[in-house]
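Let me begin by presenting the structure, written as structure tokens, before commenting on it.
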Amino acid sequence: MTDELYGPDDSALDGNAIGGLLYEVFGAEMTAAEATCAHCGKTARLAEAIVYIRAPGTVMRCRTCTSVLAVVVRKQEMNCVDLSGLAALQAS
Amino acid sequence: MSPVSRGFHGRRREPDADAKRVPPGQYVTTDFPVLSAGPTPHTPLEKWTFAIRQGGATAKSWSWQEIRELPAEDVTADIHCVTKWTKLDTMWQAVSLDTLLAQVEHEARYVLAFCDGGYTTNLPLADVTGGQAWLAYGYDGSPLQPEHGGPARLLVPHLYFWKSAKWVRGLELLAADEPGFWERYGYHNYGDPWREQRYAGD
Amino acid sequence: MAGTAVRGRLTWQIATVAAVRPETASVRTIQFDIPHWGGHEAGQHVDIRLTADDGYVAERSYSIASAPGEPLELTVERLEDGEVSPYLTEELRAGDELEIRGPIGGYFVWDGGEAGPPLLLVAGGSGVVPFRSMLRHRARVGSTVPVRLLYSARSLPDVIYRAELDMPGDGADVVYTLTRQQPPGWAGHSGRVDGELLTEVAWPPGRGPLAYVCGPTAFVEIVAGELVSLGYPPDRVKTERYGGVAAP
């Protein structure tokens, strides 16, 4: 699924690619969770978010409006999570 | 205890690079990795401007043509990404931020760089003056490619490379410091690679 | 077991390579021995982690190629300039160890329901991997759900699992489109997947189909967009994007 860390932007992934990271953060499978964007109000599965993993952190963006939904920064062995771009998150 | 995967070496790392040029925790690469927090913008040059803003208004703005007419330098720099890669002797064609900032009267102590796509990063004014920072539009003898921040990016090589904002469109002059994108998400406010200031609190 | 996701703690485990076999000139399938593997659902993936002797660590994700109940297999495409795929497709051999965690995923999965809507699987290049798991699972559980796989590959030698896909099972059929090179006398489709090809190949929306699209990001964007234009409700089009892979 993912190999080139260094490629053009057209390689933006989706929430499927960070299923393992999301499991670490939430303690459960979250790719099917419904996420509501705090900026535009649209709800979609986290699997459908636009995801950038080639950055100093993992950035999840709303597929409808591209606003940031959430950011995870790995600091030593910990995940620092910012969910302020999510108005709601509902795991199935 | 993770097992070592026999025969796995990962991306080419240069173990014999001059250690004095490599900050702690970094490895030297000959690649130029592309890292991004969002889609690559493609602003047409005829619409592109670089602005210095102050107090909610634009103090000075340059078109692409005007930027290209300013005296530029060939800058060679070592660059250090917080994701641990370092690239030595990168070559840029760039306009010194001193040249741009000299055209605005101000008493600002901080700047917040703003970019197409919404990325921001903050720096003390003292770190973007005195020949330490540039607006770069050429890399390795060619126009800066979009994936590396073209048409123009900041170049501030003495700090971690997230401070060298890609797709930069201007600087906001501020009296008080304001964290930018990665600073808000847990990275260090200043980012000196020689003191390994990667994360907030380091 | 229909509808039951495989839950459990997601921890890294050491996996040993049991066997490797080539699929195409640049693609290889790797079978693993993994002591505490709890099974998986078709469509799920695993994360793998490699550690070099200087401590350098690389992590990647790969879709599971094997069906639930079969020994864990991953299929990896060698990417030019890749950091991990050249190692997995050329260097790795039986007896080698790496770390795996999984299975991961609860969205891009197919539970093999015996009675269900017709399935449309659209694969771009190595995006076919999770669909192999789905097709093998379907055959193993004796599902009669109608399935069509539309598989876009650069050329016939680039088609992964060719022999297997020539016999997909009752009620399943495979349609290829070859985008760069076709063999002499090729009577199948050529060129990229587009609205016209999908109109011809996809189940009509009136049958309430469920579509899965997997492959490079650009491929998935185009195909998913076309399916929605054709009348597929967006929530009936599931997508999984692969990064950095060459377009088929």
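Residue numbering restarts at 1 for every chain of the structure tokens, chains are lettered A, B, ... in their displayed order, and ligands are numbered from 1 as they appear.
For B:Val82, the residues within 8 Å (counting only C-alpha atoms, excluding itself and residues fewer than 2 positions away along the chain) are Pro56 of chain A; His80, Lys84, Trp85, Tyr160, Phe161, Trp162, Pro193 and Arg198 of chain B.
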Using only C-alpha atoms, determine which residues of chain C fall within 12 Å of chain B; present them as number ranges by chain. C: 12-17, 48-59, 81-100, 244
Chain C residues within 6 Å of chain A, counting only C-alpha atoms: which ones, as an MDAnalysis selection string? chainID C and resid 60:62 82 104:107 217 241:244
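Each of B:Thr83, B:Gln132, B:Asn189, B:Thr76 was checked against chain A using only C-alpha atoms; the smallest atom-to-atom distance is that of B:Thr83.
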Please identify which residues in chain A DSSP calls strand (DSSP E) from the backbone, and express them as a ChimeraX atom specification. /A:13-14,34-37,43-45,50-52,58-61,68-75,78-82,86-90
Starting from chain B, keep only residues with some atom at most 8 Å from an atom of chain A, counting only C-alpha atoms, and report them as a ChimeraX atom specification. /B:32-40,82-83,147,182,185-186,199
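Atom pair atom CA of B:Thr29 / atom CA of B:Glu14: separated by 6.1 Å.
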Using backbone DSSP assignments, extract all helix (DSSP H, G or I) residues from chain B; output them as a ChimeraX atom specification. /B:19-21,64-69,97-101,125-127,146-148,161-163,181-184,193-195
If you count only C-alpha atoms, the residue of B:Gly150, B:Arg21, B:Glu105, B:Gln26 closest to B:Leu45 turns out to be B:Gly150
I'd like the contact shell of stretch 110-125 of chain B - 6 Å cut-off, only C-alpha atoms, skipping same-chain residues fewer than 5 positions apart - returned as number ranges by chain. B: 163, 167-174, 177, 179-181
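Nearest-residue note for B:Asp140: choosing from B:Glu69, B:Asp74, B:Asp202, B:Asp16, the minimum distance belongs to B:Asp74, counting only C-alpha atoms.
Our summary of the geometry notes that atom CA of B:Gly191 is positioned 5.5 Å from atom CA of B:Leu159.
The coordinates place atom CA of C:Arg140 at 9.1 Å from atom CA of C:Gly69.
Comparing the minimum interatomic distances between C:Asp158 and each of C:Pro103, C:Gly195, C:Pro22, C:Pro118, counting only C-alpha atoms, we find that C:Pro22 sits nearest.
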Which residues are close to B:Thr99, i.e. within 12 Å by only C-alpha atoms, leaving aside same-chain residues fewer than 4 positions away? Reply as a list in words. Ile67, Glu69, Leu70, Pro71, Ala72, Glu73, Ala94, Val95, Gln103, Val104, Val128, Thr129, Gly130, Gly131, Gln132, Ala133, Trp134 and Leu135 of chain B
Contact residues around C:Ala202 with only C-alpha atoms at 12 Å, ignoring same-chain residues under 5 positions, as a VMD selection string: chain C and resid 118 to 122 146 to 151 173 to 175 193 to 197 207 to 213 223 to 224 226 to 228 230 to 232 237
